[in-house]
>>> print(open('query.txt').read())   # compact mmCIF, C-alpha atoms
# COMPACT_ATOMS: atom_id res chain seq x y z
CA MET A 23 -5.97 23.61 8.21
CA PRO A 24 -8.91 24.66 6.00
CA ASN A 25 -10.19 28.21 5.93
CA SER A 26 -13.82 28.00 7.04
CA SER A 27 -14.75 31.08 5.00
CA LYS A 28 -13.85 29.32 1.76
CA ASN A 29 -15.45 25.91 2.10
CA LYS A 30 -18.87 26.22 0.47
CA ASN A 31 -19.45 23.10 -1.68
CA VAL A 32 -15.85 22.07 -1.04
CA GLU A 33 -14.44 18.63 -1.85
CA VAL A 34 -11.25 16.99 -0.55
CA ALA A 35 -9.18 14.14 -2.01
CA ILE A 36 -8.09 11.23 0.19
CA ILE A 37 -5.33 8.67 -0.49
CA SER A 38 -2.97 6.57 1.63
CA ASP A 39 -0.06 4.12 1.58
CA LEU A 40 2.11 5.53 -1.20
CA HIS A 41 5.12 3.54 0.11
CA PHE A 42 7.92 5.47 -1.58
CA GLY A 43 10.99 3.21 -1.85
CA VAL A 44 9.03 -0.03 -2.10
CA HIS A 45 10.74 -3.06 -3.69
CA GLY A 46 14.21 -2.01 -2.59
CA ASP A 47 14.09 1.58 -3.90
CA SER A 48 13.16 0.25 -7.33
CA PRO A 49 13.75 2.80 -10.15
CA MET A 50 10.84 1.19 -12.01
CA TRP A 51 8.55 2.00 -9.09
CA HIS A 52 9.92 5.52 -8.81
CA LYS A 53 8.80 6.05 -12.41
CA ILE A 54 5.36 4.53 -11.69
CA MET A 55 4.90 6.87 -8.73
CA MET A 56 5.86 9.95 -10.74
CA GLN A 57 3.27 9.02 -13.39
CA TYR A 58 0.70 8.66 -10.63
CA ALA A 59 1.57 12.13 -9.24
CA GLU A 60 0.90 13.69 -12.64
CA TRP A 61 -2.40 11.80 -13.03
CA LEU A 62 -3.61 12.74 -9.53
CA SER A 63 -2.65 16.38 -9.95
CA LEU A 64 -4.60 16.69 -13.20
CA LEU A 65 -7.58 14.84 -11.72
CA MET A 66 -7.77 17.21 -8.73
CA GLN A 67 -7.40 20.27 -10.94
CA ASN A 68 -10.18 19.07 -13.24
CA ARG A 69 -12.45 18.59 -10.21
CA LYS A 70 -11.30 21.92 -8.72
CA VAL A 71 -10.12 20.12 -5.55
CA GLU A 72 -7.59 22.08 -3.52
CA TYR A 73 -7.25 19.85 -0.43
CA LEU A 74 -5.50 16.47 -0.32
CA TYR A 75 -5.28 14.24 2.76
CA ILE A 76 -2.66 11.47 2.78
CA LEU A 77 -3.48 8.91 5.49
CA GLY A 78 -0.04 7.54 6.27
CA ASP A 79 2.83 5.43 4.95
CA VAL A 80 4.29 7.90 2.50
CA PHE A 81 7.55 5.95 2.81
CA ASP A 82 8.04 2.19 2.86
CA ASN A 83 11.14 1.69 5.00
CA ARG A 84 10.55 2.85 8.56
CA LYS A 85 14.24 2.79 9.60
CA ALA A 86 16.11 4.33 6.66
CA VAL A 87 15.12 6.16 3.46
CA GLY A 88 17.45 5.89 0.46
CA VAL A 89 18.83 9.05 -1.13
CA GLU A 90 17.23 8.28 -4.52
CA THR A 91 13.88 7.64 -2.82
CA MET A 92 14.10 10.92 -0.93
CA GLN A 93 14.86 12.73 -4.19
CA MET A 94 11.94 10.97 -5.89
CA ALA A 95 9.64 11.98 -3.02
CA ASN A 96 10.70 15.59 -3.48
CA ASP A 97 10.09 15.35 -7.24
CA PHE A 98 6.73 13.63 -6.59
CA PHE A 99 5.40 16.57 -4.58
CA ASP A 100 6.81 19.03 -7.11
CA LYS A 101 4.86 17.21 -9.81
CA LEU A 102 1.74 16.99 -7.66
CA PHE A 103 1.60 20.66 -6.62
CA PHE A 104 -0.43 23.33 -8.35
CA ASP A 105 -1.42 26.82 -7.27
CA GLY A 106 -3.84 26.66 -4.35
CA LEU A 107 -3.19 23.04 -3.35
CA HIS A 108 -3.05 22.24 0.38
CA ILE A 109 -1.73 18.83 1.46
CA THR A 110 -2.19 17.29 4.91
CA ILE A 111 -0.04 14.23 5.69
CA ILE A 112 -1.03 12.01 8.60
CA ALA A 113 1.96 9.95 9.75
CA GLY A 114 1.61 6.17 9.45
CA ASN A 115 3.52 3.31 11.03
CA HIS A 116 5.99 3.01 8.13
CA ASP A 117 6.68 6.75 8.40
CA SER A 118 7.46 6.38 12.12
CA PHE A 119 10.83 5.32 13.50
CA TYR A 120 9.30 4.01 16.72
CA GLU A 121 6.62 1.33 16.82
CA ASP A 122 4.15 3.08 19.13
CA THR A 123 4.52 6.79 18.34
CA SER A 124 4.86 9.08 15.33
CA LYS A 125 6.92 11.76 17.05
CA THR A 126 9.97 10.89 14.91
CA THR A 127 9.07 10.46 11.25
CA SER A 128 10.61 10.24 7.77
CA VAL A 129 8.00 12.70 6.49
CA SER A 130 9.17 15.54 8.76
CA LEU A 131 11.15 17.22 5.94
CA ILE A 132 8.23 16.99 3.52
CA GLY A 133 6.05 18.49 6.24
CA ARG A 134 8.14 21.68 6.06
CA ARG A 135 7.31 22.27 2.40
CA PRO A 136 5.02 25.27 1.66
CA GLY A 137 1.44 24.09 1.38
CA VAL A 138 2.03 20.92 3.44
CA THR A 139 0.79 20.24 6.97
CA LEU A 140 2.19 17.23 8.85
CA VAL A 141 0.10 15.59 11.56
CA SER A 142 2.41 13.56 13.82
CA GLY A 143 2.71 12.91 17.53
CA LYS A 144 -0.71 14.31 18.38
CA LYS A 145 -4.16 14.74 16.83
CA GLN A 146 -5.27 17.72 14.77
CA ILE A 147 -8.77 19.12 14.32
CA ASP A 148 -9.88 20.55 10.95
CA VAL A 149 -13.18 22.44 11.04
CA TRP A 150 -15.11 23.12 7.84
CA GLY A 151 -17.48 25.96 8.69
CA ASP A 152 -20.41 24.71 10.75
CA LYS A 153 -20.77 21.58 8.62
CA CYS A 154 -17.93 19.23 9.53
CA ARG A 155 -15.43 18.61 12.31
CA MET A 156 -12.56 16.32 11.24
CA ILE A 157 -10.36 14.52 13.76
CA LEU A 158 -6.96 13.68 12.23
CA CYS A 159 -5.11 10.93 14.09
CA PRO A 160 -1.52 9.88 13.34
CA TRP A 161 -0.02 6.48 14.16
CA GLY A 162 0.30 5.91 17.91
CA ILE A 163 -2.80 7.86 19.00
CA ASP A 164 -4.89 5.80 21.44
CA MET A 165 -8.38 6.00 19.96
CA ARG A 166 -9.97 4.26 22.95
CA GLN A 167 -8.57 6.93 25.26
CA LEU A 168 -9.68 9.66 22.87
CA ALA A 169 -13.24 8.30 23.00
CA GLU A 170 -13.15 8.08 26.81
CA GLU A 171 -12.07 11.73 26.94
CA GLY A 172 -15.22 12.65 25.02
CA GLU A 173 -13.60 13.65 21.71
CA ARG A 174 -16.36 13.80 19.10
CA GLY A 175 -16.57 14.89 15.47
CA ASP A 176 -18.15 14.12 12.13
CA VAL A 177 -15.18 12.35 10.51
CA VAL A 178 -12.07 10.59 11.74
CA MET A 179 -9.10 10.23 9.41
CA GLY A 180 -6.04 8.19 10.33
CA HIS A 181 -3.88 5.12 9.96
CA PHE A 182 -5.52 2.31 11.94
CA ALA A 183 -5.41 -1.47 12.24
CA ILE A 184 -9.10 -2.42 12.33
CA SER A 185 -10.54 -5.89 12.88
CA SER A 186 -12.96 -7.48 10.38
CA PHE A 187 -11.13 -5.93 7.41
CA ALA A 188 -8.70 -7.81 5.16
CA ASP A 189 -5.02 -7.21 5.89
CA VAL A 190 -4.09 -9.65 3.11
CA PRO A 191 -6.31 -11.33 0.48
CA GLY A 192 -8.64 -13.90 2.02
CA HIS A 193 -7.80 -13.07 5.65
CA LEU A 194 -9.74 -10.79 8.00
CA TYR A 195 -7.61 -9.05 10.59
CA THR A 196 -8.55 -9.91 14.20
CA GLY A 197 -6.43 -7.46 16.21
CA GLY A 198 -6.32 -3.69 16.57
CA TYR A 199 -9.50 -1.69 17.06
CA THR A 200 -12.94 -3.18 16.63
CA PRO A 201 -15.29 -1.33 14.24
CA GLU A 202 -17.31 -0.20 17.26
CA GLU A 203 -14.24 1.22 19.02
CA ILE A 204 -12.90 3.09 15.98
CA THR A 205 -16.27 4.76 15.32
CA GLN A 206 -16.79 6.01 18.89
CA CYS A 207 -15.47 9.48 18.02
CA ALA A 208 -17.27 9.90 14.67
CA PRO A 209 -19.79 8.06 12.50
CA LEU A 210 -17.50 8.11 9.44
CA VAL A 211 -13.90 6.82 9.45
CA PHE A 212 -11.36 6.99 6.62
CA SER A 213 -8.30 4.82 7.30
CA GLY A 214 -5.05 3.90 5.64
CA HIS A 215 -2.81 0.97 6.75
CA PHE A 216 -4.47 -1.99 4.98
CA HIS A 217 -3.74 -1.99 1.25
CA LEU A 218 -6.97 -3.61 0.07
CA ARG A 219 -9.68 -1.00 -0.44
CA ASP A 220 -12.92 -1.77 1.40
CA GLU A 221 -16.07 -0.10 2.75
CA LYS A 222 -18.44 -1.41 5.42
CA VAL A 223 -21.46 -0.02 7.25
CA PHE A 224 -22.17 -1.09 10.84
CA GLU A 225 -24.96 -0.34 13.30
CA PHE A 226 -24.16 0.27 16.95
CA ASN A 227 -26.80 1.34 19.49
CA GLY A 228 -29.23 2.09 16.68
CA LYS A 229 -26.78 4.40 14.85
CA GLN A 230 -25.15 3.70 11.49
CA LYS A 231 -21.37 3.91 11.32
CA ARG A 232 -19.28 3.73 8.14
CA ILE A 233 -15.65 2.71 7.76
CA ILE A 234 -13.75 3.26 4.52
CA ILE A 235 -10.35 1.62 4.04
CA THR A 236 -8.80 3.75 1.31
CA GLY A 237 -6.23 1.12 0.29
CA SER A 238 -3.01 1.80 -1.58
CA PRO A 239 -3.49 4.12 -4.60
CA TYR A 240 -1.91 1.62 -6.99
CA GLN A 241 -1.27 -2.15 -6.98
CA LEU A 242 1.94 -2.38 -4.92
CA ASN A 243 2.49 -6.14 -5.25
CA TRP A 244 0.84 -9.43 -6.17
CA ALA A 245 -1.34 -9.33 -3.05
CA ASP A 246 -3.11 -6.38 -4.72
CA SER A 247 -3.76 -8.25 -7.96
CA GLY A 248 -7.40 -7.97 -9.00
CA SER A 249 -8.19 -5.11 -6.61
CA THR A 250 -9.39 -1.72 -7.87
CA LYS A 251 -7.24 1.22 -6.81
CA GLY A 252 -7.85 4.94 -6.89
CA VAL A 253 -8.67 8.06 -4.90
CA TYR A 254 -11.60 9.02 -2.69
CA PHE A 255 -13.29 12.40 -2.81
CA TYR A 256 -15.27 13.58 0.19
CA SER A 257 -17.39 16.69 0.63
CA PRO A 258 -17.28 17.99 4.24
CA THR A 259 -20.28 20.21 3.44
CA SER A 260 -22.63 17.64 1.86
CA GLY A 261 -21.17 14.40 3.24
CA ASN A 262 -20.99 12.89 -0.25
CA VAL A 263 -18.30 10.25 -0.90
CA ASP A 264 -17.06 9.48 -4.41
CA PHE A 265 -14.39 7.03 -5.64
CA VAL A 266 -12.40 7.46 -8.86
CA GLU A 267 -10.41 4.52 -10.23
CA ASN A 268 -6.70 4.86 -10.94
CA THR A 269 -6.43 4.01 -14.65
CA ILE A 270 -2.78 5.04 -15.15
CA SER A 271 -0.74 2.73 -12.88
CA PRO A 272 0.27 -0.84 -13.82
CA LYS A 273 -1.89 -3.78 -12.77
CA HIS A 274 -0.51 -7.18 -11.76
CA ILE A 275 -1.65 -9.68 -14.40
CA GLN A 276 -0.98 -13.43 -14.18
CA ILE A 277 -0.99 -15.64 -17.28
CA SER A 278 0.01 -19.24 -17.98
CA VAL A 279 2.54 -20.62 -20.42
CA GLY A 280 0.81 -21.04 -23.78
CA ASP A 281 -1.85 -18.37 -23.23
CA LYS A 282 -2.47 -16.04 -26.16
CA PRO A 283 -2.73 -12.61 -24.50
CA ASN A 284 -3.26 -9.49 -26.56
CA ARG A 285 -1.21 -6.31 -26.35
CA GLU A 286 -3.96 -4.46 -24.47
CA GLU A 287 -3.80 -7.02 -21.64
CA LEU A 288 -0.02 -6.80 -21.23
CA GLU A 289 0.85 -3.24 -22.17
CA ASN A 290 1.92 -1.04 -19.24
CA ASN A 291 1.20 -3.86 -16.76
CA ILE A 292 3.32 -6.13 -14.54
CA ILE A 293 3.09 -9.69 -15.81
CA ARG A 294 3.77 -13.03 -14.13
CA VAL A 295 3.96 -16.19 -16.23
CA THR A 296 3.05 -19.37 -14.35
CA ALA A 297 4.18 -22.89 -15.22
CA ASN A 298 2.22 -25.80 -13.75
CA SER A 299 4.07 -28.75 -15.26
CA VAL A 300 7.63 -29.79 -16.08
CA ASP A 301 6.98 -29.24 -19.81
CA GLU A 302 5.62 -25.75 -19.16
CA ALA A 303 8.60 -24.93 -16.93
CA LYS A 304 10.94 -25.75 -19.82
CA GLN A 305 9.05 -23.32 -22.06
CA VAL A 306 8.98 -20.36 -19.67
CA GLN A 307 12.12 -18.63 -20.93
CA SER A 308 11.21 -18.80 -24.63
CA TYR A 309 7.57 -17.84 -23.85
CA ILE A 310 8.66 -14.72 -21.94
CA ALA A 311 10.96 -13.79 -24.83
CA GLU A 312 7.93 -13.82 -27.13
CA LEU A 313 6.08 -11.39 -24.83
CA LYS A 314 8.81 -8.78 -24.53
CA ASP A 315 7.50 -6.72 -27.43
CA PHE A 316 4.01 -6.42 -25.90
CA GLY A 317 4.92 -3.35 -23.84
CA ALA A 318 4.76 -4.83 -20.32
CA VAL A 319 6.39 -2.82 -17.51
CA ASP A 320 7.94 -5.99 -16.11
CA ILE A 321 7.69 -9.74 -16.77
CA GLY A 322 8.54 -12.49 -14.28
CA ALA A 323 7.78 -16.16 -13.78
CA LYS A 324 6.33 -18.44 -11.12
CA ILE A 325 7.14 -22.14 -11.37
CA ASN A 326 4.58 -24.31 -9.58
CA VAL A 327 6.45 -27.61 -10.06
CA VAL A 328 8.46 -28.12 -6.88
CA ASP A 329 8.18 -31.91 -6.80
CA ALA A 330 9.50 -32.31 -10.35
CA ALA A 331 13.04 -31.36 -9.26
CA LEU A 332 12.97 -33.13 -5.90
CA PRO A 333 15.31 -36.13 -5.72
CA THR A 334 13.69 -39.37 -4.55
CA ASN A 335 16.26 -39.66 -1.77
CA PHE A 336 15.61 -36.17 -0.35
CA GLU A 337 14.47 -36.07 3.28
CA ALA A 338 14.32 -33.04 5.53
CA ALA A 339 16.30 -33.63 8.69
CA ASP A 340 14.15 -34.01 11.80
CA THR A 341 15.58 -31.42 14.15
CA GLY A 342 12.56 -31.31 16.42
CA GLU A 343 11.95 -27.74 15.25
CA PHE A 344 10.89 -26.45 11.83
CA ASP A 345 13.82 -24.56 10.31
CA GLN A 346 12.81 -22.97 7.01
CA HIS A 347 16.30 -21.81 6.12
CA LYS A 348 17.89 -25.21 6.71
CA LEU A 349 15.11 -26.93 4.78
CA LEU A 350 15.74 -24.69 1.75
CA VAL A 351 19.49 -25.22 1.83
CA ASP A 352 19.11 -28.99 2.25
CA TYR A 353 16.69 -29.05 -0.66
CA VAL A 354 19.06 -27.20 -3.01
CA ASN A 355 21.99 -29.37 -1.97
CA ALA A 356 19.97 -32.51 -2.71
CA CYS A 357 18.98 -31.34 -6.20
CA ASP A 358 21.06 -31.89 -9.31
CA PHE A 359 21.80 -28.34 -10.48
CA GLY A 360 25.24 -29.25 -11.84
CA ASP A 361 27.70 -26.37 -11.86
CA LYS A 362 24.87 -23.91 -11.17
CA LYS A 363 24.30 -25.09 -7.59
CA GLU A 364 26.34 -22.27 -6.01
CA LYS A 365 24.45 -19.70 -8.05
CA VAL A 366 21.10 -21.22 -7.02
CA LEU A 367 22.16 -21.15 -3.36
CA GLU A 368 23.19 -17.51 -3.71
CA ILE A 369 19.80 -16.59 -5.18
CA ILE A 370 17.91 -18.57 -2.51
CA GLU A 371 19.88 -16.90 0.27
CA ARG A 372 19.13 -13.44 -1.15
CA ILE A 373 15.40 -14.14 -1.50
CA TYR A 374 15.23 -15.67 1.99
CA ALA A 375 16.99 -12.66 3.55
CA THR A 376 14.62 -10.24 1.79
CA ALA A 377 11.55 -12.27 2.82
CA THR A 378 12.50 -12.58 6.49
CA ALA A 379 13.36 -8.87 6.70
CA SER A 380 9.98 -8.01 5.21
CA MET A 381 8.15 -10.29 7.69
CA LYS A 382 9.63 -8.34 10.60
CA GLU A 383 7.90 -5.17 9.41
CA ASP A 384 4.27 -4.44 10.25
CA ILE A 385 1.80 -4.05 7.41
>>> encode(input="query.txt", output="C-alpha cells")
Amino acid sequence: MPNSSKNKNVEVAIISDLHFGVHGDSPMWHKIMMQYAEWLSLLMQNRKVEYLYILGDVFDNRKAVGVETMQMANDFFDKLFFDGLHITIIAGNHDSFYEDTSKTTSVSLIGRRPGVTLVSGKKQIDVWGDKCRMILCPWGIDMRQLAEEGERGDVVMGHFAISSFADVPGHLYTGGYTPEEITQCAPLVFSGHFHLRDEKVFEFNGKQKRIIITGSPYQLNWADSGSTKGVYFYSPTSGNVDFVENTISPKHIQISVGDKPNREELENNIIRVTANSVDEAKQVQSYIAELKDFGAVDIGAKINVVDAALPTNFEAADTGEFDQHKLLVDYVNACDFGDKKEKVLEIIERIYATATASMKEDI
C-alpha cells in the first residue's frame, strides 16, 4: 500500500495478463518474458516509477503451473526488481483455481516476496494522500454488490469481463458487466482480462466515465497480431494517463509465399507464411528455408488450400449431430497421404486435443 507522505507528483505503472507458461510452458516464451522484464524495469527506473500494478493473469494455466514456469516467474521478478520498487498483484481468473473466487491462487507464493502485495479474495483500498482513492478488485468480487454497498473512489483497478469491448478481434463481448455497472464505484477503470488494448469514454447521468483495457503487455498469439502493446502510466495526484509502447517483444507478422520481406521486418519477430494455392503450398518448405537467416524468433506456415487435397468421393457422414473430431478423422482417412497417414492422424489428434482443452478455459 502506498505511503501517503511520499506521493507528491507520483506515477504508477500498470500492466496485466502476463500469462507465464503460455504455449505449453514454451522455453521460447520464457525467454521473451525475461527480455520484457528487463525492458520494463529499465523503463520504470528511467521514469523514476516505484509502483507497479499487475491486473491479473500472471500465470496462464489455472489448474497447474509447471516447475520450469514457476522458476521463470521467480527469475522474472528478480530481473524486474530494483531498490524501492513496490509491486501489487491483483489476482485474475487464470491465477485462480476456482471459477468464482480468487481465494486460492497460483500467485500466492509470489505474493510473499519482499516488496510484493497480493490482492486476492477481497478488495483492497490504496489511498494516495488526499488526491486519489484506488479500489483494487481481484477476480470474483461482485462489483454490482460493491456499488450497492456505496463503495466509492477515484479509480477502480481489477480483472473484469466488460461488455462492448473486444474479447477477440472483430467481436465485442456481450456478457459480464456493462460499462455503466463497472463505473458505478469510480469514474476511471483500469482492467485486465481482455488481451486487446482499448480505451473508451462513456457518459452516464451527465458524468463522463472512462474505461481502459490494458491488454496483454506483448503479443501473446496471432489474435494479437497488429495490436500495439505496452505499459500504462497513471498519476494518482494529477490524473494524467500515459501509454508507452513495448518495442522489445516479438510481433506476429504474416507474409505470403513469394513475398520479398527485408531483415528488419522479420528479425526478432514471429513469422507465419501463408499459402493460398496448391503451387504455393508446394513451395512453403523451401521458402521458409530461405528465411531462416533473417533472424526471426519463430517461423511457421498456414496452408489455406483445404479443397486441393480433398478427394472427390469424400463425404462427411450424416450423424444428425456435428462431430468435429469425427469429421477431421474421416477427412484424413479419405485423403491420399501414403505411408504418412498415421503420422498425419497423430498430429491432428494432438492439435485437436490442445484446441479443445484451450476452449474449456475462460479468456
>>> residues_around(input="query.txt", residues="Phe224 in chain A", least_positions_apart="6", cutoff="9 Å", atoms="all atoms listed in the file", output="list in words")
Pro201, Glu202, Gln230, Lys231, Arg232 and Ile233 of chain A
>>> residues_around(input="query.txt", residues="Met165 in chain A", least_positions_apart="2", cutoff="12 Å", atoms="all atoms listed in the file", output="PyMOL selection string")
chain A and resi 144-145+157-163+167-174+178-184+198-208+211
>>> closest_residue(input="query.txt", among="A:Phe316, A:Tyr309, A:Trp51, A:Phe265", to="Asn284 in chain A", atoms="all atoms listed in the file")
A:Phe316
>>> closest_residue(input="query.txt", among="A:Arg134, A:Lys70, A:His116, A:Arg155", to="His41 in chain A", atoms="all atoms listed in the file")
A:His116
>>> atom_distance(input="query.txt", atom1="CA of Lys153 in chain A", atom2="CA of Val223 in chain A")
21.7 Å
>>> axis_aligned_box(input="query.txt", around="range 46-52 of chain A", padding_each_side="3 Å", output="lines of an AutoDock Vina configuration file")
center_x = 11.4
center_y = 1.8
center_z = -7.3
size_x = 11.7
size_y = 13.5
size_z = 15.4
>>> closest_atom_pairs(input="query.txt", of="range 179-296 of chain A", to="range 146-150 of chain A", cutoff="10 Å", atoms="only C-alpha atoms", output="tab-separated table")
residue	atom	partner	partner_atom	distance
A:Met179	CA	A:Gln146	CA	10.0
A:Ser257	CA	A:Trp150	CA	9.9
A:Pro258	CA	A:Trp150	CA	6.6
A:Thr259	CA	A:Trp150	CA	7.4
